[in-house]
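K.L.:
Sharing coords25.json below, JSON, C-alpha atoms:
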[["chain", "number", "residue", "atom", "x", "y", "z"],
["A", 1, "MET", "CA", -78.62, 156.68, 184.28],
["A", 2, "GLY", "CA", -78.01, 155.90, 180.62],
["A", 3, "ASN", "CA", -76.14, 152.67, 181.25],
["A", 4, "THR", "CA", -76.95, 149.22, 179.93],
["A", 5, "VAL", "CA", -79.53, 147.24, 181.91],
["A", 6, "VAL", "CA", -77.89, 145.27, 184.71],
["A", 7, "ARG", "CA", -80.39, 142.38, 184.73],
["A", 8, "ASP", "CA", -79.39, 139.33, 182.69],
["A", 9, "ASP", "CA", -82.47, 137.17, 183.30],
["A", 10, "PHE", "CA", -86.12, 137.31, 184.26],
["A", 11, "GLU", "CA", -87.25, 137.13, 187.89],
["A", 12, "TRP", "CA", -88.02, 133.42, 188.23],
["A", 13, "VAL", "CA", -90.44, 132.46, 191.00],
["A", 14, "TYR", "CA", -91.75, 129.12, 192.18],
["A", 15, "THR", "CA", -95.16, 130.20, 193.44],
["A", 16, "GLU", "CA", -98.52, 130.22, 191.71],
["A", 17, "GLN", "CA", -99.77, 133.47, 190.24],
["A", 18, "PRO", "CA", -101.27, 135.52, 193.10],
["A", 19, "HIS", "CA", -104.65, 136.55, 191.74],
["A", 20, "CYS", "CA", -106.56, 133.29, 192.19],
["A", 21, "SER", "CA", -105.83, 133.17, 195.92],
["A", 22, "ARG", "CA", -106.47, 136.90, 196.26],
["A", 23, "ARG", "CA", -109.86, 136.49, 194.56],
["A", 24, "LYS", "CA", -110.88, 133.82, 197.09],
["A", 25, "GLN", "CA", -109.73, 135.93, 200.04],
["A", 26, "ILE", "CA", -111.47, 139.07, 198.82],
["A", 27, "LEU", "CA", -114.76, 137.33, 198.02],
["A", 28, "ALA", "CA", -114.73, 135.57, 201.39],
["A", 29, "LYS", "CA", -114.67, 138.97, 203.08],
["A", 30, "HIS", "CA", -116.62, 140.96, 200.48],
["A", 31, "PRO", "CA", -119.13, 138.68, 198.70],
["A", 32, "GLU", "CA", -121.01, 141.81, 197.56],
["A", 33, "ILE", "CA", -118.36, 142.25, 194.87],
["A", 34, "LYS", "CA", -120.05, 139.46, 192.91],
["A", 35, "ALA", "CA", -122.85, 141.94, 192.11],
["A", 36, "LEU", "CA", -120.37, 143.89, 189.94],
["A", 37, "MET", "CA", -119.82, 140.94, 187.59],
["A", 38, "GLY", "CA", -121.66, 140.72, 184.31],
["A", 39, "ALA", "CA", -122.29, 142.77, 181.19],
["A", 40, "ASP", "CA", -121.89, 146.54, 180.96],
["A", 41, "PRO", "CA", -124.96, 147.76, 179.02],
["A", 42, "GLN", "CA", -123.27, 151.07, 178.12],
["A", 43, "LEU", "CA", -120.14, 149.59, 176.56],
["A", 44, "LYS", "CA", -121.68, 148.79, 173.17],
["A", 45, "TRP", "CA", -122.96, 152.36, 172.76],
["A", 46, "ILE", "CA", -119.67, 153.96, 173.77],
["A", 47, "VAL", "CA", -117.71, 151.75, 171.37],
["A", 48, "THR", "CA", -120.17, 152.37, 168.53],
["A", 49, "ALA", "CA", -119.83, 156.13, 169.02],
["A", 50, "MET", "CA", -116.03, 155.82, 168.91],
["A", 51, "VAL", "CA", -116.11, 153.76, 165.70],
["A", 52, "LEU", "CA", -118.46, 156.25, 164.02],
["A", 53, "THR", "CA", -116.25, 159.14, 165.17],
["A", 54, "GLN", "CA", -113.29, 157.58, 163.39],
["A", 55, "VAL", "CA", -115.34, 157.02, 160.23],
["A", 56, "LEU", "CA", -116.25, 160.72, 160.30],
["A", 57, "CYS", "CA", -112.58, 161.58, 160.78],
["A", 58, "CYS", "CA", -111.73, 159.48, 157.71],
["A", 59, "PHE", "CA", -113.97, 161.78, 155.69],
["A", 60, "LEU", "CA", -112.46, 164.90, 157.26],
["A", 61, "VAL", "CA", -108.75, 164.04, 156.86],
["A", 62, "GLN", "CA", -108.83, 163.29, 153.13],
["A", 63, "ALA", "CA", -107.94, 166.89, 152.28],
["A", 64, "LEU", "CA", -105.21, 167.32, 154.91],
["A", 65, "SER", "CA", -101.52, 167.52, 154.05],
["A", 66, "TRP", "CA", -99.48, 164.50, 155.11],
["A", 67, "LYS", "CA", -97.86, 166.50, 157.91],
["A", 68, "TRP", "CA", -101.16, 167.45, 159.50],
["A", 69, "LEU", "CA", -102.63, 164.03, 158.87],
["A", 70, "LEU", "CA", -99.87, 162.38, 160.90],
["A", 71, "PHE", "CA", -100.19, 165.08, 163.57],
["A", 72, "TRP", "CA", -103.90, 164.40, 164.06],
["A", 73, "ALA", "CA", -103.33, 160.65, 163.81],
["A", 74, "TYR", "CA", -100.97, 160.87, 166.80],
["A", 75, "MET", "CA", -102.83, 163.48, 168.83],
["A", 76, "PHE", "CA", -106.43, 162.39, 168.29],
["A", 77, "GLY", "CA", -107.16, 159.41, 166.07],
["A", 78, "GLY", "CA", -104.52, 157.21, 167.61],
["A", 79, "CYS", "CA", -105.85, 157.95, 171.08],
["A", 80, "ILE", "CA", -109.30, 156.75, 169.99],
["A", 81, "ASN", "CA", -107.80, 153.67, 168.36],
["A", 82, "HIS", "CA", -105.73, 152.84, 171.42],
["A", 83, "SER", "CA", -108.84, 153.28, 173.52],
["A", 84, "LEU", "CA", -110.68, 150.92, 171.15],
["A", 85, "THR", "CA", -107.99, 148.26, 171.66],
["A", 86, "LEU", "CA", -108.72, 148.53, 175.38],
["A", 87, "ALA", "CA", -112.43, 148.27, 174.67],
["A", 88, "ILE", "CA", -111.56, 145.09, 172.75],
["A", 89, "HIS", "CA", -109.69, 143.98, 175.87],
["A", 90, "ASP", "CA", -112.89, 144.46, 177.89],
["A", 91, "ILE", "CA", -114.99, 142.76, 175.19],
["A", 92, "SER", "CA", -112.61, 139.77, 175.24],
["A", 93, "HIS", "CA", -113.89, 139.13, 178.77],
["A", 94, "ASN", "CA", -117.46, 138.97, 177.42],
["A", 95, "VAL", "CA", -118.59, 142.10, 179.27],
["A", 96, "ALA", "CA", -120.33, 143.69, 176.28],
["A", 97, "PHE", "CA", -123.15, 141.11, 176.10],
["A", 98, "GLY", "CA", -122.38, 138.66, 178.91],
["A", 99, "ASN", "CA", -120.86, 135.19, 179.05],
["A", 100, "LYS", "CA", -123.95, 133.56, 177.55],
["A", 101, "SER", "CA", -123.43, 135.52, 174.32],
["A", 102, "ALA", "CA", -119.76, 134.71, 173.66],
["A", 103, "VAL", "CA", -120.12, 134.73, 169.85],
["A", 104, "LEU", "CA", -121.91, 138.07, 169.94],
["A", 105, "ASN", "CA", -119.02, 139.46, 171.99],
["A", 106, "ARG", "CA", -116.54, 138.15, 169.39],
["A", 107, "LEU", "CA", -118.52, 139.73, 166.53],
["A", 108, "PHE", "CA", -118.77, 143.03, 168.38],
["A", 109, "GLY", "CA", -115.02, 142.88, 168.98],
["A", 110, "ILE", "CA", -114.55, 142.61, 165.21],
["A", 111, "PHE", "CA", -116.72, 145.72, 164.82],
["A", 112, "ALA", "CA", -114.70, 147.60, 167.45],
["A", 113, "ASN", "CA", -111.55, 146.55, 165.57],
["A", 114, "LEU", "CA", -112.50, 148.37, 162.35],
["A", 115, "PRO", "CA", -110.81, 151.76, 162.97],
["A", 116, "VAL", "CA", -107.63, 150.08, 164.23],
["A", 117, "GLY", "CA", -106.90, 149.20, 160.60],
["A", 118, "VAL", "CA", -105.41, 145.73, 161.14],
["A", 119, "PRO", "CA", -107.22, 142.56, 162.34],
["A", 120, "TYR", "CA", -106.56, 142.06, 166.01],
["A", 121, "SER", "CA", -109.62, 141.37, 168.12],
["A", 122, "VAL", "CA", -110.16, 137.61, 167.80],
["A", 123, "SER", "CA", -106.46, 136.71, 168.07],
["A", 124, "PHE", "CA", -106.12, 138.94, 171.12],
["A", 125, "LYS", "CA", -108.92, 137.06, 172.87],
["A", 126, "LYS", "CA", -107.27, 133.72, 172.09],
["A", 127, "TYR", "CA", -104.01, 134.69, 173.77],
["A", 128, "HIS", "CA", -105.35, 136.97, 176.48],
["A", 129, "VAL", "CA", -107.08, 134.03, 178.17],
["A", 130, "ASP", "CA", -103.63, 132.50, 178.73],
["A", 131, "HIS", "CA", -102.28, 135.77, 180.11],
["A", 132, "HIS", "CA", -104.84, 135.61, 182.91],
["A", 133, "ARG", "CA", -104.79, 131.87, 183.48],
["A", 134, "TYR", "CA", -101.00, 131.46, 183.28],
["A", 135, "LEU", "CA", -99.69, 134.89, 184.32],
["A", 136, "GLY", "CA", -95.92, 134.83, 183.91],
["A", 137, "GLY", "CA", -96.01, 131.30, 182.52],
["A", 138, "ASP", "CA", -92.92, 130.48, 180.47],
["A", 139, "GLY", "CA", -94.01, 129.82, 176.88],
["A", 140, "LEU", "CA", -97.65, 130.51, 177.75],
["A", 141, "ASP", "CA", -97.96, 134.19, 178.64],
["A", 142, "VAL", "CA", -97.04, 135.99, 175.41],
["A", 143, "ASP", "CA", -97.23, 139.37, 177.14],
["A", 144, "ILE", "CA", -93.68, 138.69, 178.36],
["A", 145, "PRO", "CA", -90.80, 139.72, 176.07],
["A", 146, "THR", "CA", -88.58, 137.07, 174.54],
["A", 147, "ARG", "CA", -84.97, 136.64, 175.62],
["A", 148, "LEU", "CA", -83.90, 138.08, 172.27],
["A", 149, "GLU", "CA", -85.85, 141.27, 172.95],
["A", 150, "ALA", "CA", -84.36, 141.52, 176.44],
["A", 151, "ARG", "CA", -80.80, 141.12, 175.16],
["A", 152, "LEU", "CA", -81.14, 143.48, 172.21],
["A", 153, "PHE", "CA", -83.01, 146.34, 173.87],
["A", 154, "SER", "CA", -80.92, 146.98, 176.95],
["A", 155, "SER", "CA", -79.68, 150.57, 176.64],
["A", 156, "PRO", "CA", -81.77, 153.76, 176.87],
["A", 157, "ALA", "CA", -81.73, 154.39, 173.11],
["A", 158, "ARG", "CA", -82.60, 150.79, 172.32],
["A", 159, "LYS", "CA", -85.34, 150.72, 174.98],
["A", 160, "VAL", "CA", -86.91, 153.77, 173.29],
["A", 161, "LEU", "CA", -86.81, 151.87, 170.00],
["A", 162, "TRP", "CA", -88.38, 148.84, 171.70],
["A", 163, "ILE", "CA", -91.24, 151.01, 173.00],
["A", 164, "ILE", "CA", -91.78, 152.49, 169.52],
["A", 165, "LEU", "CA", -91.91, 148.96, 168.07],
["A", 166, "GLN", "CA", -94.33, 147.61, 170.70],
["A", 167, "PRO", "CA", -97.17, 147.05, 168.17],
["A", 168, "LEU", "CA", -94.85, 144.90, 166.06],
["A", 169, "PHE", "CA", -93.67, 142.81, 169.00],
["A", 170, "TYR", "CA", -97.20, 142.30, 170.30],
["A", 171, "ALA", "CA", -98.24, 141.08, 166.85],
["A", 172, "LEU", "CA", -95.29, 138.74, 166.21],
["A", 173, "ARG", "CA", -94.44, 137.45, 169.69],
["A", 174, "PRO", "CA", -97.43, 135.06, 170.00],
["A", 175, "LEU", "CA", -96.53, 133.44, 166.67],
["A", 176, "LEU", "CA", -93.02, 132.69, 167.94],
["A", 177, "VAL", "CA", -93.63, 131.89, 171.62],
["A", 178, "ASN", "CA", -96.93, 130.01, 171.57],
["A", 179, "PRO", "CA", -98.30, 129.51, 168.04],
["A", 180, "LYS", "CA", -101.91, 128.32, 167.81],
["A", 181, "PRO", "CA", -104.09, 127.20, 164.90],
["A", 182, "VAL", "CA", -105.96, 129.93, 163.04],
["A", 183, "SER", "CA", -109.67, 129.86, 163.80],
["A", 184, "ARG", "CA", -112.62, 130.63, 161.53],
["A", 185, "LEU", "CA", -113.38, 133.73, 163.55],
["A", 186, "GLU", "CA", -109.83, 134.97, 162.96],
["A", 187, "VAL", "CA", -110.36, 134.51, 159.21],
["A", 188, "LEU", "CA", -113.64, 136.43, 159.52],
["A", 189, "ASN", "CA", -111.84, 139.17, 161.45],
["A", 190, "LEU", "CA", -109.29, 139.42, 158.62],
["A", 191, "VAL", "CA", -111.88, 139.47, 155.82],
["A", 192, "VAL", "CA", -114.09, 142.06, 157.51],
["A", 193, "GLN", "CA", -111.10, 144.28, 158.31],
["A", 194, "LEU", "CA", -109.73, 144.16, 154.76],
["A", 195, "ALA", "CA", -113.20, 144.90, 153.38],
["A", 196, "PHE", "CA", -113.55, 147.92, 155.69],
["A", 197, "ASP", "CA", -110.10, 149.24, 154.75],
["A", 198, "ALA", "CA", -110.89, 148.76, 151.06],
["A", 199, "LEU", "CA", -114.20, 150.59, 151.47],
["A", 200, "ILE", "CA", -112.51, 153.56, 153.16],
["A", 201, "PHE", "CA", -109.90, 153.63, 150.38],
["A", 202, "TRP", "CA", -112.59, 153.45, 147.68],
["A", 203, "LEU", "CA", -114.64, 156.24, 149.27],
["A", 204, "TRP", "CA", -111.96, 158.71, 150.28],
["A", 205, "GLY", "CA", -108.54, 157.53, 149.10],
["A", 206, "LEU", "CA", -105.28, 156.53, 150.76],
["A", 207, "LYS", "CA", -105.00, 159.25, 153.39],
["A", 208, "PRO", "CA", -107.85, 158.05, 155.65],
["A", 209, "VAL", "CA", -106.41, 154.52, 155.64],
["A", 210, "VAL", "CA", -102.99, 155.89, 156.62],
["A", 211, "TYR", "CA", -104.70, 158.02, 159.29],
["A", 212, "LEU", "CA", -106.21, 154.91, 160.89],
["A", 213, "VAL", "CA", -103.21, 152.59, 160.69],
["A", 214, "ALA", "CA", -100.61, 155.25, 161.54],
["A", 215, "GLY", "CA", -102.67, 156.37, 164.51],
["A", 216, "SER", "CA", -102.78, 152.83, 165.85],
["A", 217, "VAL", "CA", -99.05, 152.24, 165.38],
["A", 218, "LEU", "CA", -97.96, 155.62, 166.75],
["A", 219, "CYS", "CA", -100.22, 155.64, 169.80],
["A", 220, "MET", "CA", -99.39, 152.07, 170.78],
["A", 221, "GLY", "CA", -95.71, 152.96, 170.64],
["A", 222, "LEU", "CA", -94.06, 156.03, 172.18],
["A", 223, "HIS", "CA", -97.13, 157.75, 173.61],
["A", 224, "PRO", "CA", -98.23, 158.55, 177.21],
["A", 225, "VAL", "CA", -101.21, 156.19, 176.99],
["A", 226, "SER", "CA", -98.86, 153.34, 176.06],
["A", 227, "GLY", "CA", -97.31, 153.58, 179.48],
["A", 228, "HIS", "CA", -99.93, 151.08, 180.61],
["A", 229, "PHE", "CA", -98.18, 148.29, 178.64],
["A", 230, "ILE", "CA", -95.19, 148.60, 180.98],
["A", 231, "ALA", "CA", -96.98, 149.79, 184.11],
["A", 232, "GLU", "CA", -99.21, 146.73, 184.37],
["A", 233, "HIS", "CA", -96.68, 143.94, 184.95],
["A", 234, "TYR", "CA", -93.08, 145.16, 184.68],
["A", 235, "MET", "CA", -91.28, 144.63, 187.96],
["A", 236, "TYR", "CA", -90.56, 148.05, 189.45],
["A", 237, "LEU", "CA", -90.28, 146.40, 192.88],
["A", 238, "THR", "CA", -88.73, 142.97, 193.31],
["A", 239, "GLY", "CA", -91.31, 140.19, 193.20],
["A", 240, "ILE", "CA", -94.32, 142.46, 192.59],
["A", 241, "GLU", "CA", -95.81, 141.47, 189.22],
["A", 242, "THR", "CA", -99.03, 143.49, 188.90],
["A", 243, "TYR", "CA", -99.54, 147.21, 189.54],
["A", 244, "SER", "CA", -102.47, 149.58, 189.36],
["A", 245, "TYR", "CA", -102.61, 153.20, 188.21],
["A", 246, "TYR", "CA", -105.47, 155.43, 189.41],
["A", 247, "GLY", "CA", -104.79, 158.58, 187.39],
["A", 248, "PRO", "CA", -106.93, 160.52, 184.87],
["A", 249, "LEU", "CA", -105.92, 158.51, 181.78],
["A", 250, "ASN", "CA", -108.26, 155.79, 183.04],
["A", 251, "TYR", "CA", -111.12, 157.93, 181.73],
["A", 252, "ILE", "CA", -110.05, 157.25, 178.14],
["A", 253, "THR", "CA", -108.77, 153.69, 178.60],
["A", 254, "PHE", "CA", -111.76, 151.87, 180.10],
["A", 255, "ASN", "CA", -110.05, 151.86, 183.52],
["A", 256, "VAL", "CA", -107.29, 149.51, 182.39],
["A", 257, "GLY", "CA", -105.13, 151.21, 185.02],
["A", 258, "TYR", "CA", -107.09, 149.36, 187.69],
["A", 259, "HIS", "CA", -105.00, 146.37, 186.76],
["A", 260, "MET", "CA", -104.64, 144.62, 190.07],
["A", 261, "GLU", "CA", -108.41, 144.81, 190.40],
["A", 262, "HIS", "CA", -108.84, 143.54, 186.85],
["A", 263, "HIS", "CA", -106.65, 140.46, 187.36],
["A", 264, "ASP", "CA", -108.38, 139.74, 190.64],
["A", 265, "PHE", "CA", -111.79, 139.95, 188.92],
["A", 266, "PRO", "CA", -111.50, 139.70, 185.10],
["A", 267, "SER", "CA", -115.26, 139.22, 184.69],
["A", 268, "ILE", "CA", -116.00, 142.68, 186.11],
["A", 269, "PRO", "CA", -116.26, 145.39, 183.38],
["A", 270, "GLY", "CA", -113.69, 148.16, 183.44],
["A", 271, "SER", "CA", -116.40, 150.69, 184.24],
["A", 272, "ARG", "CA", -116.99, 149.00, 187.61],
["A", 273, "LEU", "CA", -113.40, 148.32, 188.68],
["A", 274, "PRO", "CA", -113.21, 151.49, 190.81],
["A", 275, "GLU", "CA", -116.07, 150.02, 192.84],
["A", 276, "VAL", "CA", -113.94, 146.96, 193.62],
["A", 277, "LYS", "CA", -111.32, 149.18, 195.21],
["A", 278, "LYS", "CA", -113.98, 151.06, 197.18],
["A", 279, "MET", "CA", -115.59, 147.85, 198.45],
["A", 280, "ALA", "CA", -112.32, 146.19, 199.48],
["A", 281, "PRO", "CA", -109.88, 149.04, 200.22],
["A", 282, "GLU", "CA", -107.80, 146.96, 202.63],
["A", 283, "PHE", "CA", -106.77, 144.72, 199.70],
["A", 284, "TYR", "CA", -105.64, 147.59, 197.43],
["A", 285, "ASP", "CA", -104.83, 150.85, 199.21],
["A", 286, "ASN", "CA", -101.46, 149.73, 200.58],
["A", 287, "LEU", "CA", -100.20, 147.99, 197.43],
["A", 288, "PRO", "CA", -97.45, 149.55, 195.26],
["A", 289, "GLN", "CA", -99.01, 151.61, 192.49],
["A", 290, "HIS", "CA", -98.04, 153.96, 189.66],
["A", 291, "ASP", "CA", -99.13, 157.60, 189.63],
["A", 292, "SER", "CA", -98.05, 158.49, 186.07],
["A", 293, "TRP", "CA", -97.75, 156.43, 182.90],
["A", 294, "THR", "CA", -95.39, 159.05, 181.47],
["A", 295, "ARG", "CA", -93.15, 158.62, 184.49],
["A", 296, "VAL", "CA", -93.35, 154.86, 183.99],
["A", 297, "LEU", "CA", -91.96, 155.25, 180.47],
["A", 298, "TRP", "CA", -89.24, 157.67, 181.61],
["A", 299, "ASP", "CA", -88.06, 155.40, 184.42],
["A", 300, "PHE", "CA", -88.17, 152.33, 182.18],
["A", 301, "VAL", "CA", -85.90, 154.00, 179.62],
["A", 302, "PHE", "CA", -83.38, 155.64, 181.93],
["A", 303, "CYS", "CA", -83.21, 153.32, 184.95],
["A", 304, "ASP", "CA", -80.56, 150.63, 184.43],
["A", 305, "ALA", "CA", -82.45, 148.29, 186.77],
["A", 306, "LEU", "CA", -85.41, 148.20, 184.34],
["A", 307, "GLY", "CA", -85.72, 146.61, 180.92],
["A", 308, "PRO", "CA", -87.50, 143.81, 179.05],
["A", 309, "TYR", "CA", -86.03, 141.32, 181.56],
["A", 310, "SER", "CA", -87.98, 143.06, 184.36],
["A", 311, "ARG", "CA", -90.78, 140.50, 184.42],
["A", 312, "VAL", "CA", -91.75, 137.74, 186.82],
["A", 313, "LYS", "CA", -91.75, 134.31, 185.17],
["A", 314, "ARG", "CA", -92.71, 130.86, 186.36],
["A", 315, "HIS", "CA", -92.65, 127.35, 184.96],
["A", 316, "ILE", "CA", -96.17, 125.98, 184.63],
["A", 317, "GLN", "CA", -96.71, 122.30, 183.97],
["A", 318, "LEU", "CA", -99.91, 121.84, 181.96],
["A", 319, "LYS", "CA", -101.99, 118.77, 182.61],
["A", 320, "LYS", "CA", -102.08, 116.46, 179.60],
["A", 321, "LYS", "CA", -105.50, 115.80, 178.14],
["A", 322, "GLN", "CA", -106.67, 112.23, 178.66]]
Can you give me the file's structure in the form of structure tokens?

P.N.:
Amino acid sequence: MGNTVVRDDFEWVYTEQPHCSRRKQILAKHPEIKALMGADPQLKWIVTAMVLTQVLCCFLVQALSWKWLLFWAYMFGGCINHSLTLAIHDISHNVAFGNKSAVLNRLFGIFANLPVGVPYSVSFKKYHVDHHRYLGGDGLDVDIPTRLEARLFSSPARKVLWIILQPLFYALRPLLVNPKPVSRLEVLNLVVQLAFDALIFWLWGLKPVVYLVAGSVLCMGLHPVSGHFIAEHYMYLTGIETYSYYGPLNYITFNVGYHMEHHDFPSIPGSRLPEVKKMAPEFYDNLPQHDSWTRVLWDFVFCDALGPYSRVKRHIQLKKKQ
């Protein structure tokens, strides 16, 4: 406890990612799960209420001292913003308006992005597709830390710093590992976000803008909810690359803890993922799972067998376009 991480490389495997074969097996036995796929009609109203709540908070925090502003940004506003990033995760799978309304989903993701303070939604969608399609793929899945991160952040103190800086690494890593051309929707995401931030500043000053951005940065760093970043795919048991969490924080995170279920069926909205587990318990009940995201963070920091290298990786040969 407190020593430098003993791993010096990722866990390289030579098998395909497991979720495609699992999906076929589960649907062969439980075809009724297909009824859970499709749009969640409540999602747009929940997200709209969250966005409006943060706009109201922007009005309320303008008179706070900086100390109390940062306190409420961490304790309340950041929790809403982190939850909105997970709503954006759901929206990226087109579950707000369905697969036939992909553009409407992208535009609604831009709307959900507003309180986060920095443009994020469209770029997330672009890379998250690869995370599902090429889970663990070297140079493709940008959810996996770089070798530089793994080498630098290998002691407990440095792992704490790495967790605090998670928002920065999630923003910069795709640009280094798998850069892609900027799309028109990404430009729109940027313009709309800057316009919203400027409007908040013009209406109520600097403090509400700091409240939004600081809340996002703080709550996606060292915060109990952020335990899901590590819980989802970091290898707590050798060779196991996806884990679920069924605890109460799912209520404020759009059930992102049901992560094995999500990767098995990414087109099922988060609100219905508990039904997947109920319909096919034999495929989930006996799998390794986490019971606390706070414990996940604690173990990650202080266990010398865990660190940024604790990820399954695989070489994936992409087919060249004809």

K.L.:
Extract, using all atoms listed in the file, all DNA, RNA and protein residues at most 8 Å from segment 270-281 of chain A, discarding same-chain residues fewer than 5 positions from it, and format them as a list in words.

P.N.:
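Counting only the stated atoms, we get Ile26, His30, Ile33, Leu36, Asp40, Asp90, Phe254, Asn255, Val256, Tyr258, Glu261 and His262 of chain A.
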
K.L.:
Of the residues A:Val191, A:Val213, A:Ala39, A:Ala231, which is the one nearest to Asn81 of chain A, using all atoms listed in the file?

P.N.:
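Comparing A:Val191, A:Val213, A:Ala39, A:Ala231 against Asn81 of chain A, the winner is A:Val213.
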
K.L.:
Pull the neighbourhood of (-95.3, 138.4, 187.0) for me: all residues within 10 Å in file coordinates, counting all atoms listed in the file, as a VMD selection string.

P.N.:
chain A and resid 10 to 13 16 to 18 134 to 137 141 144 232 to 235 239 to 242 310 to 314

K.L.:
Quick check, in Å to one decimal: how far apart do atom CA of Leu27 of chain A and atom CA of His128 of chain A lie?

P.N.:
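Atom CA of His128 of chain A lies 23.5 Å from atom CA of Leu27 of chain A.
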
K.L.:
Could you name the residues that touch Val209 of chain A at 8 Å or less, counting all atoms listed in the file, but leaving out those on the same chain fewer than 4 positions away, as a short mmCIF file (atom, residue, chain, number, x, y, z; two decimals) with C-alpha atoms, in the frame of the given file?

P.N.:
data_model
loop_
_atom_site.label_atom_id
_atom_site.label_comp_id
_atom_site.auth_asym_id
_atom_site.auth_seq_id
_atom_site.Cartn_x
_atom_site.Cartn_y
_atom_site.Cartn_z
CA CYS A 58 -111.73 159.48 157.71
CA GLY A 117 -106.90 149.20 160.60
CA ASP A 197 -110.10 149.24 154.75
CA ILE A 200 -112.51 153.56 153.16
CA PHE A 201 -109.90 153.63 150.38
CA GLY A 205 -108.54 157.53 149.10
CA VAL A 213 -103.21 152.59 160.69
#

K.L.:
Suppose you want the space between atom CA of Tyr170 of chain A and atom CA of Trp66 of chain A; what is it in Å?

P.N.:
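Atom-to-atom, atom CA of Tyr170 of chain A and atom CA of Trp66 of chain A are spaced 27.0 Å apart.
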
K.L.:
Pick from A:Tyr74, A:Phe283, A:Phe108, A:Tyr14: nearest to Val210 of chain A, with all atoms listed in the file counted?

P.N.:
A:Tyr74

K.L.:
Would you mind reading off the distance between atom CA of Phe124 of chain A and atom CA of Leu69 of chain A, one decimal, in Å?

P.N.:
28.1 Å

K.L.:
Within 12 Å of Leu140 of chain A, counting only C-alpha atoms, which residues show up once you throw out same-chain ones fewer than 4 positions away? Write them as a PDB file with C-alpha atoms, in the frame of the given file, please.

P.N.:
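So part16.pdb came out as:
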ATOM      1  CA  LYS A 126    -107.270 133.720 172.090  1.00  0.00           C
ATOM      2  CA  TYR A 127    -104.010 134.690 173.770  1.00  0.00           C
ATOM      3  CA  HIS A 128    -105.350 136.970 176.480  1.00  0.00           C
ATOM      4  CA  VAL A 129    -107.080 134.030 178.170  1.00  0.00           C
ATOM      5  CA  ASP A 130    -103.630 132.500 178.730  1.00  0.00           C
ATOM      6  CA  HIS A 131    -102.280 135.770 180.110  1.00  0.00           C
ATOM      7  CA  HIS A 132    -104.840 135.610 182.910  1.00  0.00           C
ATOM      8  CA  ARG A 133    -104.790 131.870 183.480  1.00  0.00           C
ATOM      9  CA  TYR A 134    -101.000 131.460 183.280  1.00  0.00           C
ATOM     10  CA  LEU A 135     -99.690 134.890 184.320  1.00  0.00           C
ATOM     11  CA  GLY A 136     -95.920 134.830 183.910  1.00  0.00           C
ATOM     12  CA  ILE A 144     -93.680 138.690 178.360  1.00  0.00           C
ATOM     13  CA  PRO A 145     -90.800 139.720 176.070  1.00  0.00           C
ATOM     14  CA  THR A 146     -88.580 137.070 174.540  1.00  0.00           C
ATOM     15  CA  ARG A 173     -94.440 137.450 169.690  1.00  0.00           C
ATOM     16  CA  PRO A 174     -97.430 135.060 170.000  1.00  0.00           C
ATOM     17  CA  LEU A 175     -96.530 133.440 166.670  1.00  0.00           C
ATOM     18  CA  LEU A 176     -93.020 132.690 167.940  1.00  0.00           C
ATOM     19  CA  VAL A 177     -93.630 131.890 171.620  1.00  0.00           C
ATOM     20  CA  ASN A 178     -96.930 130.010 171.570  1.00  0.00           C
ATOM     21  CA  PRO A 179     -98.300 129.510 168.040  1.00  0.00           C
ATOM     22  CA  LYS A 180    -101.910 128.320 167.810  1.00  0.00           C
ATOM     23  CA  LYS A 313     -91.750 134.310 185.170  1.00  0.00           C
ATOM     24  CA  ARG A 314     -92.710 130.860 186.360  1.00  0.00           C
ATOM     25  CA  HIS A 315     -92.650 127.350 184.960  1.00  0.00           C
ATOM     26  CA  ILE A 316     -96.170 125.980 184.630  1.00  0.00           C
ATOM     27  CA  GLN A 317     -96.710 122.300 183.970  1.00  0.00           C
ATOM     28  CA  LEU A 318     -99.910 121.840 181.960  1.00  0.00           C
TER      29      LEU A 318
END

K.L.:
Point out the residue among A:Thr85, A:Ser183, A:Gln54, A:Asn94 with the least atom-to-atom distance to Pro167 of chain A, counting only C-alpha atoms.

P.N.:
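Among A:Thr85, A:Ser183, A:Gln54, A:Asn94, it is A:Thr85 that comes nearest to Pro167 of chain A.
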
K.L.:
Counting all atoms listed in the file, which residue out of A:Leu212, A:Ile46, A:Val187, A:Ala171 sits closest to Gly77 of chain A?

P.N.:
A:Leu212

K.L.:
Rank nothing, just name the residue among A:Ala73, A:Lys67, A:Leu168, A:Val51 nearest to Ala112 of chain A, using all atoms listed in the file.

P.N.:
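Nearest candidate to Ala112 of chain A out of A:Ala73, A:Lys67, A:Leu168, A:Val51: A:Val51.
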
K.L.:
Which one is closest to Leu56 of chain A: A:Phe111, A:Trp68, A:Trp204, A:Tyr120? Count only C-alpha atoms.

P.N.:
A:Trp204

K.L.:
Taking the structure I provided as the source, export segment 170-174 of chain A with N, CA and C atoms, as a short mmCIF file (atom, residue, chain, number, x, y, z; two decimals), in the first residue's frame.

P.N.:
data_model
loop_
_atom_site.label_atom_id
_atom_site.label_comp_id
_atom_site.auth_asym_id
_atom_site.auth_seq_id
_atom_site.Cartn_x
_atom_site.Cartn_y
_atom_site.Cartn_z
N TYR A 170 -9.19 13.48 -20.83
CA TYR A 170 -10.27 13.06 -21.72
C TYR A 170 -10.43 14.03 -22.89
N ALA A 171 -10.08 15.29 -22.66
CA ALA A 171 -10.19 16.28 -23.73
C ALA A 171 -9.02 16.19 -24.71
N LEU A 172 -7.80 15.96 -24.20
CA LEU A 172 -6.60 16.01 -25.03
C LEU A 172 -6.23 14.66 -25.65
N ARG A 173 -6.55 13.57 -24.95
CA ARG A 173 -6.11 12.25 -25.41
C ARG A 173 -6.56 11.91 -26.83
N PRO A 174 -7.83 12.17 -27.20
CA PRO A 174 -8.24 11.85 -28.58
C PRO A 174 -7.42 12.58 -29.64
#
